[in-house]
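Participant: Handing over structure-v4.txt, compact mmCIF, C-alpha atoms.
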# COMPACT_ATOMS: atom_id res chain seq x y z
CA MET A 268 0.00 0.00 0.00
CA SER A 269 2.89 2.39 0.71
CA LYS A 270 4.16 1.98 -2.85
CA VAL A 271 0.68 2.75 -4.22
CA TRP A 272 0.64 5.88 -2.06
CA VAL A 273 4.03 7.00 -3.41
CA VAL A 274 2.82 6.65 -7.00
CA PHE A 275 -0.44 8.40 -6.09
CA LEU A 276 1.32 11.42 -4.56
CA TYR A 277 3.79 11.67 -7.42
CA GLU A 278 1.05 11.64 -10.07
CA TYR A 279 -1.14 14.07 -8.16
CA LEU A 280 1.51 16.62 -7.25
CA ARG A 281 3.24 16.70 -10.61
CA HIS A 282 -0.02 17.86 -12.23
CA VAL A 283 -1.41 20.26 -9.63
CA LYS A 284 1.89 22.15 -9.43
CA THR A 285 1.97 22.97 -13.14
CA LYS A 286 0.85 26.28 -14.65
CA ARG A 287 -1.36 24.40 -17.08
CA PHE A 288 -3.38 22.90 -14.23
CA LEU A 289 -3.77 26.26 -12.47
CA PHE A 290 -4.87 27.87 -15.72
CA GLY A 291 -7.43 25.10 -16.31
CA LEU A 292 -8.59 25.35 -12.71
CA LEU A 293 -9.28 29.06 -12.93
CA SER A 294 -10.41 29.29 -16.56
CA LEU A 295 -13.91 27.80 -16.14
CA PRO A 296 -14.95 29.77 -13.00
CA LEU A 297 -13.56 32.99 -14.43
CA THR A 298 -15.34 32.37 -17.74
CA ILE A 299 -18.65 31.70 -15.97
CA LEU A 300 -18.15 34.74 -13.74
CA LEU A 301 -17.33 36.95 -16.73
CA MET A 302 -20.37 35.69 -18.64
CA GLY A 303 -22.54 36.33 -15.59
CA ILE A 304 -21.21 39.87 -15.22
CA ILE A 305 -21.79 40.54 -18.92
CA ALA A 306 -25.33 39.11 -18.75
CA VAL A 307 -26.27 41.12 -15.66
CA GLY A 308 -24.62 44.22 -17.10
CA ALA A 309 -26.55 43.82 -20.34
CA ILE A 310 -29.83 43.48 -18.43
CA VAL A 311 -29.08 46.57 -16.34
CA LEU A 312 -28.08 48.61 -19.40
CA ILE A 313 -31.08 47.74 -21.58
CA THR A 314 -33.71 47.69 -18.80
CA ASP A 315 -35.43 50.83 -17.57
CA PHE A 316 -35.93 50.60 -13.80
CA ARG A 317 -37.71 53.92 -13.42
CA PRO A 318 -41.20 53.75 -11.86
CA VAL A 319 -44.38 53.49 -13.90
CA GLY A 320 -47.60 55.36 -13.25
CA VAL A 321 -51.23 54.31 -13.11
CA VAL A 322 -54.24 56.46 -13.92
CA ASP A 323 -57.51 54.86 -12.79
CA GLN A 324 -60.63 55.78 -14.80
CA SER A 325 -62.62 52.75 -13.66
CA GLY A 326 -63.05 53.67 -10.00
CA LEU A 327 -61.82 50.21 -8.93
CA PHE A 328 -58.45 51.47 -7.67
CA GLN A 329 -59.35 54.74 -5.95
CA ASN A 330 -57.53 53.92 -2.71
CA ALA A 331 -54.61 52.09 -4.32
CA GLN A 332 -51.22 52.60 -2.69
CA PRO A 333 -47.82 52.65 -4.41
CA PHE A 334 -46.77 49.09 -5.25
CA SER A 335 -43.20 47.80 -5.03
CA GLU A 336 -41.34 44.46 -4.95
CA LYS A 337 -37.87 45.93 -4.51
CA GLU A 338 -37.25 44.05 -1.25
CA GLU A 339 -38.05 40.67 -2.79
CA ASN A 340 -36.82 41.37 -6.31
CA PRO A 341 -34.31 44.20 -6.92
CA LEU A 342 -34.82 43.80 -10.70
CA SER A 343 -38.34 45.24 -10.56
CA VAL A 344 -40.00 48.64 -10.88
CA GLU A 345 -42.32 50.61 -8.64
CA VAL A 346 -45.91 51.52 -9.52
CA PHE A 347 -47.30 54.94 -8.48
CA PRO A 348 -50.98 55.93 -8.83
CA PHE A 349 -51.72 59.38 -10.32
CA PRO A 350 -54.99 61.27 -9.90
CA ASP A 351 -55.36 62.08 -13.60
CA GLU A 352 -53.64 61.69 -16.96
CA GLU A 353 -52.40 65.29 -17.02
CA THR A 354 -50.35 64.78 -13.84
CA ALA A 355 -49.00 61.46 -15.14
CA ARG A 356 -48.04 63.09 -18.45
CA LYS A 357 -46.06 65.79 -16.67
CA ALA A 358 -44.18 63.13 -14.69
CA LEU A 359 -43.44 61.30 -17.95
CA ASP A 360 -42.18 64.43 -19.71
CA SER A 361 -39.92 65.28 -16.78
CA GLY A 362 -38.43 61.77 -16.75
CA GLU A 363 -39.75 60.83 -13.31
CA ILE A 364 -41.50 57.76 -14.76
CA GLN A 365 -40.86 55.67 -17.86
CA GLY A 366 -44.56 55.51 -18.76
CA TYR A 367 -48.03 55.12 -17.34
CA TYR A 368 -51.06 52.88 -17.70
CA ILE A 369 -54.61 54.20 -18.08
CA ILE A 370 -57.19 51.78 -16.69
CA GLN A 371 -60.25 52.28 -18.91
CA PRO A 372 -63.73 53.02 -17.43
CA ASN A 373 -65.09 49.67 -18.63
CA TYR A 374 -62.07 47.69 -17.33
CA LEU A 375 -64.16 45.31 -15.21
CA THR A 376 -66.04 44.04 -18.26
CA THR A 377 -63.46 44.41 -21.02
CA GLY A 378 -60.09 44.34 -19.18
CA GLU A 379 -58.85 47.20 -21.38
CA VAL A 380 -55.75 49.16 -20.32
CA ARG A 381 -53.92 51.76 -22.40
CA ALA A 382 -50.16 52.26 -21.98
CA VAL A 383 -48.40 55.56 -22.71
CA SER A 384 -44.63 55.94 -22.98
CA GLN A 385 -41.98 57.55 -25.12
CA THR A 386 -39.91 54.44 -25.88
CA GLY A 387 -42.21 51.55 -24.93
CA LEU A 388 -42.66 49.59 -21.70
CA ASP A 389 -40.70 46.38 -21.27
CA GLU A 390 -41.77 43.05 -19.79
CA ILE A 391 -40.61 43.91 -16.25
CA ALA A 392 -42.89 46.98 -16.17
CA ASN A 393 -45.82 45.00 -17.58
CA ASP A 394 -45.35 42.16 -15.08
CA THR A 395 -45.16 44.55 -12.12
CA PHE A 396 -48.28 46.39 -13.30
CA THR A 397 -50.15 43.09 -13.61
CA LYS A 398 -49.23 42.25 -10.01
CA PHE A 399 -50.41 45.71 -8.96
CA LEU A 400 -53.79 45.00 -10.54
CA LEU A 401 -54.11 41.59 -8.92
CA ALA A 402 -53.03 42.81 -5.49
CA ASN A 403 -55.65 45.58 -5.49
CA LEU A 404 -58.44 43.53 -7.00
CA LEU A 405 -57.87 40.88 -4.33
CA ARG A 406 -57.33 43.21 -1.37
CA HIS A 407 -60.70 42.26 0.17
CA GLU A 408 -60.14 38.53 -0.30
CA ASP A 409 -58.77 36.10 2.28
CA SER A 410 -54.95 36.22 2.61
CA LEU A 411 -54.60 32.57 1.53
CA VAL A 412 -56.69 33.26 -1.57
CA GLN A 413 -54.49 36.25 -2.38
CA LYS A 414 -51.33 34.20 -1.95
CA ARG A 415 -52.55 31.35 -4.13
CA ILE A 416 -53.65 33.59 -6.99
CA LEU A 417 -50.53 35.77 -6.88
CA GLU A 418 -48.11 32.83 -6.67
CA GLY A 419 -49.98 30.74 -9.22
CA SER A 420 -50.41 26.99 -9.38
CA LYS A 421 -47.77 24.26 -9.31
CA VAL A 422 -48.76 22.05 -12.20
CA SER A 423 -47.44 18.52 -12.69
CA LEU A 424 -47.75 16.66 -15.97
CA LYS A 425 -48.58 12.99 -15.57
CA SER A 426 -48.43 10.32 -18.24
CA LEU A 427 -51.49 8.05 -18.40
CA ALA A 428 -49.27 5.09 -19.18
CA GLU A 429 -46.83 5.61 -16.33
CA GLU A 430 -46.79 6.62 -12.69
CA GLY A 431 -44.01 9.18 -13.11
CA THR A 432 -44.66 12.91 -13.06
CA PHE A 433 -42.74 15.81 -14.52
CA SER A 434 -43.12 18.84 -12.28
CA THR A 435 -43.04 22.42 -13.48
CA ARG A 436 -40.25 22.94 -10.95
CA THR A 437 -38.06 20.38 -12.71
CA PRO A 438 -36.37 22.72 -15.28
CA LEU A 439 -33.96 24.04 -12.61
CA GLY A 440 -32.95 20.48 -11.76
CA LEU A 441 -32.62 19.69 -15.46
CA ILE A 442 -30.28 22.63 -15.96
CA ALA A 443 -28.20 21.43 -13.01
CA VAL A 444 -27.91 17.89 -14.45
CA LEU A 445 -26.96 19.23 -17.88
CA LEU A 446 -24.34 21.50 -16.34
CA LEU A 447 -22.88 18.72 -14.17
CA GLY A 448 -22.72 16.40 -17.16
CA MET A 449 -20.83 18.93 -19.26
CA ILE A 450 -18.40 19.66 -16.42
CA PHE A 451 -17.76 15.92 -16.01
CA PHE A 452 -17.16 15.54 -19.75
CA PHE A 453 -14.77 18.49 -19.72
CA ALA A 454 -12.88 17.27 -16.66
CA VAL A 455 -12.40 13.66 -17.74
CA ASN A 456 -11.02 14.73 -21.09
CA ILE A 457 -8.46 17.03 -19.47
CA ILE A 458 -7.36 14.50 -16.85
CA GLY A 459 -7.52 11.62 -19.29
CA ASN A 460 -5.12 13.40 -21.57
CA TYR A 461 -2.76 13.98 -18.63
CA LEU A 462 -2.78 10.26 -17.85
CA LEU A 463 -2.53 9.23 -21.47
CA ARG A 464 0.42 11.48 -22.23
CA ALA A 465 2.28 10.35 -19.12
CA LEU A 466 1.83 6.65 -19.93
CA VAL A 467 2.91 6.92 -23.55
CA ASP A 468 5.92 9.08 -22.65
CA GLU A 469 7.03 6.65 -19.94
CA LYS A 470 6.58 3.79 -22.36
CA GLU A 471 8.57 5.51 -25.11
CA ASN A 472 11.49 6.61 -22.92
CA ARG A 473 11.44 3.27 -21.02
CA THR A 474 11.14 4.92 -17.63
CA MET A 475 8.58 2.32 -16.53
CA GLU A 476 11.17 -0.48 -16.90
CA ILE A 477 13.05 1.07 -14.00
CA ILE A 478 9.89 1.83 -11.99
CA LEU A 479 8.52 -1.70 -12.30
CA THR A 480 11.64 -3.22 -10.80
CA SER A 481 10.48 -2.03 -7.37
CA LEU A 482 6.68 -2.48 -7.52
CA SER A 483 4.06 -4.57 -9.31
CA THR A 484 2.03 -3.41 -12.30
CA ASP A 485 -1.16 -3.53 -10.19
CA GLN A 486 0.35 -1.19 -7.60
CA PHE A 487 1.65 1.08 -10.34
CA MET A 488 -1.68 1.24 -12.15
CA ILE A 489 -3.82 1.76 -9.03
CA GLY A 490 -1.61 4.61 -7.83
CA LYS A 491 -1.49 6.18 -11.29
CA ILE A 492 -5.24 5.93 -11.93
CA PHE A 493 -6.26 7.26 -8.52
CA GLY A 494 -3.61 9.98 -8.64
CA ASN A 495 -4.80 11.33 -11.96
CA MET A 496 -8.43 10.85 -10.99
CA SER A 497 -7.84 12.94 -7.87
CA VAL A 498 -6.58 15.75 -10.08
CA GLY A 499 -9.94 15.71 -11.84
CA MET A 500 -11.83 15.55 -8.54
CA THR A 501 -9.84 18.56 -7.33
CA GLN A 502 -10.96 20.49 -10.38
CA LEU A 503 -14.58 19.49 -9.88
CA PHE A 504 -14.49 20.41 -6.20
CA PHE A 505 -13.06 23.82 -7.01
CA TRP A 506 -15.53 24.37 -9.84
CA PHE A 507 -18.48 23.42 -7.62
CA ALA A 508 -17.30 25.27 -4.51
CA ILE A 509 -17.47 28.69 -6.16
CA PRO A 510 -21.00 28.29 -7.66
CA ILE A 511 -22.32 26.83 -4.38
CA LEU A 512 -20.90 29.70 -2.33
CA MET A 513 -22.24 32.21 -4.84
CA GLY A 514 -25.63 30.49 -4.71
CA ILE A 515 -25.73 30.65 -0.91
CA PHE A 516 -24.81 34.34 -1.05
CA VAL A 517 -27.55 35.08 -3.60
CA LEU A 518 -30.14 33.13 -1.59
CA THR A 519 -29.36 35.17 1.51
CA ARG A 520 -29.62 38.44 -0.43
CA VAL A 521 -32.73 37.66 -2.52
CA PRO A 522 -35.59 36.36 -0.34
CA LEU A 523 -37.67 35.54 -3.42
CA LEU A 524 -35.23 32.76 -4.37
CA ARG A 525 -35.73 31.02 -1.03
CA THR A 526 -39.13 29.83 -2.20
CA ILE A 527 -37.59 27.90 -5.11
CA ASN A 528 -37.80 24.19 -4.40
CA ILE A 529 -35.09 22.06 -6.03
CA ASP A 530 -35.02 18.30 -5.56
CA LEU A 531 -31.43 17.34 -4.74
CA THR A 532 -31.92 13.61 -5.45
CA PRO A 533 -30.51 13.81 -9.02
CA PHE A 534 -27.50 15.74 -7.70
CA TRP A 535 -26.63 13.14 -5.03
CA LEU A 536 -27.11 10.27 -7.48
CA MET A 537 -24.69 11.90 -9.89
CA MET A 538 -22.15 12.48 -7.11
CA LEU A 539 -22.31 8.79 -6.10
CA LEU A 540 -21.82 7.70 -9.70
CA ALA A 541 -19.16 10.26 -10.60
CA PHE A 542 -16.37 8.64 -8.55
CA PRO A 543 -16.51 5.17 -10.20
CA ALA A 544 -17.19 6.84 -13.57
CA PHE A 545 -13.91 8.72 -13.25
CA ILE A 546 -12.13 5.45 -12.46
CA ILE A 547 -13.62 3.77 -15.54
CA VAL A 548 -12.56 6.58 -17.88
CA ALA A 549 -9.10 6.82 -16.31
CA ALA A 550 -8.62 3.05 -16.61
CA LEU A 551 -9.75 3.03 -20.23
CA MET A 552 -7.41 5.91 -20.98
CA THR A 553 -4.66 3.79 -19.45
CA LEU A 554 -5.72 0.87 -21.61
CA ALA A 555 -5.42 3.08 -24.70
CA GLY A 556 -1.98 4.25 -23.60
CA ALA A 557 -0.82 0.67 -23.08
CA THR A 558 -2.06 -0.61 -26.43
CA ALA A 559 -0.95 2.36 -28.55
CA THR A 560 2.50 2.89 -29.95
CA GLU A 561 2.53 6.70 -29.93
CA ALA A 562 0.79 9.57 -28.10
CA ARG A 563 -1.18 10.89 -31.09
CA GLU A 564 -2.71 7.49 -31.79
CA ALA A 565 -3.61 6.99 -28.12
CA GLN A 566 -5.34 10.39 -27.90
CA GLN A 567 -7.47 9.61 -30.95
CA ILE A 568 -8.64 6.35 -29.37
CA ALA A 569 -9.14 7.76 -25.87
CA SER A 570 -11.36 10.61 -27.05
CA LEU A 571 -14.08 8.03 -27.72
CA PHE A 572 -14.25 6.73 -24.13
CA SER A 573 -16.03 9.72 -22.61
CA LEU A 574 -18.61 10.03 -25.40
CA PRO A 575 -20.89 7.13 -24.25
CA PHE A 576 -21.54 8.95 -20.98
CA MET A 577 -23.24 11.73 -22.98
CA ILE A 578 -25.62 9.42 -24.90
CA PRO A 579 -28.63 10.01 -22.54
CA PHE A 580 -28.66 13.68 -23.54
CA TYR A 581 -29.71 12.61 -27.04
CA PHE A 582 -32.74 10.82 -25.55
CA LEU A 583 -33.70 13.64 -23.18
CA GLU A 584 -37.34 13.73 -24.28
CA ILE A 585 -37.75 10.00 -23.61
CA PHE A 586 -36.23 10.32 -20.13
CA LEU A 587 -38.56 13.16 -19.16
CA GLU A 588 -41.77 11.92 -20.77
CA HIS A 589 -41.29 8.16 -20.36
CA PRO A 590 -38.90 7.71 -17.40
CA ASN A 591 -40.00 4.11 -16.77
CA SER A 592 -39.69 2.90 -20.36
CA PRO A 593 -37.28 0.00 -21.05
CA LEU A 594 -34.87 2.38 -22.83
CA SER A 595 -34.78 4.84 -19.92
CA ILE A 596 -34.32 2.06 -17.36
CA GLY A 597 -31.63 0.40 -19.47
CA PHE A 598 -29.64 3.63 -19.84
CA SER A 599 -29.95 4.31 -16.10
CA LEU A 600 -28.46 0.87 -15.28
CA PHE A 601 -25.79 0.50 -17.96
CA PRO A 602 -22.44 1.72 -16.49
CA PHE A 603 -21.46 3.86 -19.48
CA THR A 604 -24.75 5.79 -19.49
CA SER A 605 -26.01 5.63 -15.90
CA LEU A 606 -24.02 8.70 -14.79
CA ILE A 607 -26.44 10.91 -16.75
CA GLY A 608 -29.30 8.46 -17.26
CA LEU A 609 -30.11 7.83 -13.58
CA PRO A 610 -30.27 11.53 -12.56
CA LEU A 611 -32.39 12.33 -15.62
CA ARG A 612 -34.90 9.64 -14.60
CA ALA A 613 -34.89 11.02 -11.04
CA LEU A 614 -36.04 14.37 -12.43
CA ALA A 615 -39.19 12.83 -13.85
CA THR A 616 -40.11 9.98 -11.49
CA SER A 617 -39.38 8.31 -8.17
CA ILE A 618 -36.79 5.63 -8.88
CA PRO A 619 -37.11 2.39 -6.86
CA THR A 620 -34.32 2.03 -4.33
CA TRP A 621 -33.22 -1.31 -5.76
CA GLN A 622 -32.68 0.24 -9.21
CA SER A 623 -30.54 3.05 -7.80
CA ALA A 624 -28.53 0.55 -5.74
CA LEU A 625 -28.13 -1.75 -8.75
CA SER A 626 -26.95 1.12 -10.96
CA ILE A 627 -24.36 2.24 -8.41
CA GLY A 628 -23.28 -1.37 -7.83
CA LEU A 629 -22.82 -2.05 -11.56
CA MET A 630 -20.83 1.15 -11.93
CA THR A 631 -18.60 0.19 -8.98
CA PHE A 632 -17.95 -3.34 -10.27
CA SER A 633 -17.22 -1.92 -13.73
CA ALA A 634 -14.67 0.44 -12.18
CA ILE A 635 -12.95 -2.47 -10.43
CA GLY A 636 -13.00 -4.51 -13.64
CA SER A 637 -11.62 -1.63 -15.67
CA ILE A 638 -8.66 -1.29 -13.29
CA TRP A 639 -7.94 -5.00 -13.66
CA LEU A 640 -8.22 -4.77 -17.46
CA ALA A 641 -5.95 -1.71 -17.63
CA SER A 642 -3.36 -3.34 -15.37
CA ARG A 643 -3.36 -6.48 -17.48
CA ALA A 644 -3.05 -4.53 -20.73
CA PHE A 645 -0.25 -2.47 -19.24
CA ARG A 646 1.63 -5.56 -18.08
CA LEU A 647 1.39 -7.18 -21.52
CA GLY A 648 2.16 -4.09 -23.56
CA MET A 649 4.80 -2.29 -21.51
CA LEU A 650 7.70 -3.93 -23.31
CA ARG A 651 6.18 -3.83 -26.79
CA TYR A 652 7.91 -0.85 -28.34
CA GLY A 653 6.63 -0.09 -31.83
CA LYS A 654 4.18 -3.01 -31.75
CA LYS A 655 0.47 -2.77 -31.06
CA LEU A 656 -1.27 -4.84 -28.41
CA ARG A 657 -4.57 -6.21 -29.68
CA LEU A 658 -7.61 -6.30 -27.42
CA MET A 659 -8.12 -10.06 -27.78
CA GLU A 660 -4.57 -10.68 -26.59
CA ILE A 661 -5.45 -9.13 -23.24
CA PHE A 662 -8.13 -11.77 -22.59
CA ARG A 663 -6.33 -14.73 -24.14
CA SER A 664 -2.89 -14.27 -22.63
CA ARG A 665 -2.09 -15.87 -19.28
CA ALA A 666 0.43 -13.20 -18.33
Please rewrite the model in this file as structure tokens.
Facilitator:
Amino acid sequence: MSKVWVVFLYEYLRHVKTKRFLFGLLSLPLTILLMGIIAVGAIVLITDFRPVGVVDQSGLFQNAQPFSEKEENPLSVEVFPFPDEETARKALDSGEIQGYYIIQPNYLTTGEVRAVSQTGLDEIANDTFTKFLLANLLRHEDSLVQKRILEGSKVSLKSLAEEGTFSTRTPLGLIAVLLLGMIFFFAVNIIGNYLLRALVDEKENRTMEIILTSLSTDQFMIGKIFGNMSVGMTQLFFWFAIPILMGIFVLTRVPLLRTINIDLTPFWLMMLLAFPAFIIVAALMTLAGATATEAREAQQIASLFSLPFMIPFYFLEIFLEHPNSPLSIGFSLFPFTSLIGLPLRALATSIPTWQSALSIGLMTFSAIGSIWLASRAFRLGMLRYGKKLRLMEIFRSRA
């Protein structure tokens, strides 16, 4: 075990101390942060946050008070009632408001409202005005009735052929699964290339002949795989830590977001599957490095290993609309697709415990088998310089 630990530390430290690793570590968070700043800046620049006015000609809003959601939602506007259109027009001409709404005398029967502005009223102003109307029309209703109408309904779509439901709250979870899947794909390709390049270089310069005089191929491979895998896990931890901290900060600053309900089941399932999935990809990358004769050839082969994990994204509609179909269940159990397939099913239905346990178990056994296969391929191909190792030789040979 001590020899495995030595290999592990060597592989881990030699990557994390490089400028390339630090650049890769910071590039994604900085890119996301920059895109977020640009997006928020664009919204602030193109959105008019000046108040809007209301002129009531229907008599339904005579005692209406100024309406504001600034405490719950900073990206909103205030609504101020005006006694007549002449006063509202003066406020518009002076720039105090961005526009005003005239509630027509027959509003109760026709719902007609006329908007006046110099440049047009955007969606934020229209949404806030709609809430102003609802809040005042419902002011004499029970508080629970007001809350239900203002917040709206939480609709779930249910298939007649299946027991699973797809909630209207699910899109946030779906975005999270898609983002996690892309980060995993990005990370395994970076770390896989590290591992692949190291193996081929050591094979070409015959460094491993010296190394293997003091430890077994199994010890060498386990230390190498887990060392390089830990580099990827370090990246993922760093990439997740910043968004999580930012999310906690935003939740504490924006009370409106506290009401958002996100089911964390898909997230935890993906975290449980990510560790063995990393091992599988790292081991297969090692297998490619052991069977190839040069680095370029190995990289071309290894690029295919991470692609199967992304297959469920191509069947996204089936996962969400038919989560208990044979195809969805099969993808959620098969080791090469369960990393994405199982969380996608969890977004749309309640997965039986035995299926989740079976999926995680199959992924774990596949990880163990992939380490054995990579070690065997490495042992057979380490002394074959300039000669390819065929896949069937790995299973037939007794070495």
Participant: Restricting the calculation to only C-alpha atoms, which member of A:Leu600, A:Leu614, A:Leu446, A:Leu574 is positioned closest to Glu588 (chain A)?
Facilitator: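 Between A:Leu600, A:Leu614, A:Leu446, A:Leu574, the residue approaching Glu588 (chain A) most closely is A:Leu614.
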Participant: Report the distance between CA of Leu606 (chain A) and CA of Leu640 (chain A) in Å, rounded to one decimal place.
Facilitator: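 So the two atoms, CA of Leu606 (chain A) and CA of Leu640 (chain A), lie 20.9 Å apart.
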Participant: If we count all atoms listed in the file and set the cut-off at 8 Å, which residues sit around Pro533 (chain A), ignoring sequence neighbours fewer than 4 positions away in its own chain? Please answer as number ranges by chain.
Facilitator: A: 440, 444, 537, 609-611, 613-614
Participant: With all atoms listed in the file as the counted atoms, please give the residues lying no more than 9 Å from region 281-289 of chain A, apart from itself and same-chain residues fewer than 6 positions off, as an MDAnalysis selection string.
Facilitator: chainID A and resid 461 495 498 501:502
Participant: Counting only C-alpha atoms, figure out which residue out of A:Leu405, A:Ala309, A:Ile416, A:Val274 gets nearest to Met488 (chain A).
Facilitator: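 Nearest to Met488 (chain A): A:Val274.
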Participant: Figure out the distance between CA of Val380 (chain A) and CA of Glu352 (chain A), please, to one decimal in Å.
Facilitator: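 Spanning CA of Glu352 (chain A) to CA of Val380 (chain A) is a straight-line distance of 13.1 Å.
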Participant: Can you tell me how far CA of Leu295 (chain A) sits from CA of Phe504 (chain A), in Å to one decimal?
Facilitator: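 Separation of CA of Leu295 (chain A) and CA of Phe504 (chain A): 12.4 Å.
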Participant: Return as AutoDock Vina command-line options the centre and edge lengths, in Å with one decimal, of the box along x, y and z that encloses every atom of region 479-490 of chain A in the file, padded by 6 Å per side.
Facilitator:
--center_x 3.9 --center_y 0.0 --center_z -9.8 --size_x 27.5 --size_y 21.2 --size_z 16.9
Participant: Identify which of the residues A:Gln324, A:Thr553, A:Ser605, A:Gln371 lies closest to Asp351 (chain A), counting only C-alpha atoms when measuring atom-to-atom distances.
Facilitator: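 Among A:Gln324, A:Thr553, A:Ser605, A:Gln371, it is A:Gln324 that comes nearest to Asp351 (chain A).
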Participant: Identify, on the basis of only C-alpha atoms, every residue whose closest approach to region 325-333 of chain A does not exceed 6 Å; exclude the query and any residue fewer than 5 positions from it along the same chain; express the result as a ChimeraX atom specification.
Facilitator: /A:346-347,371-372
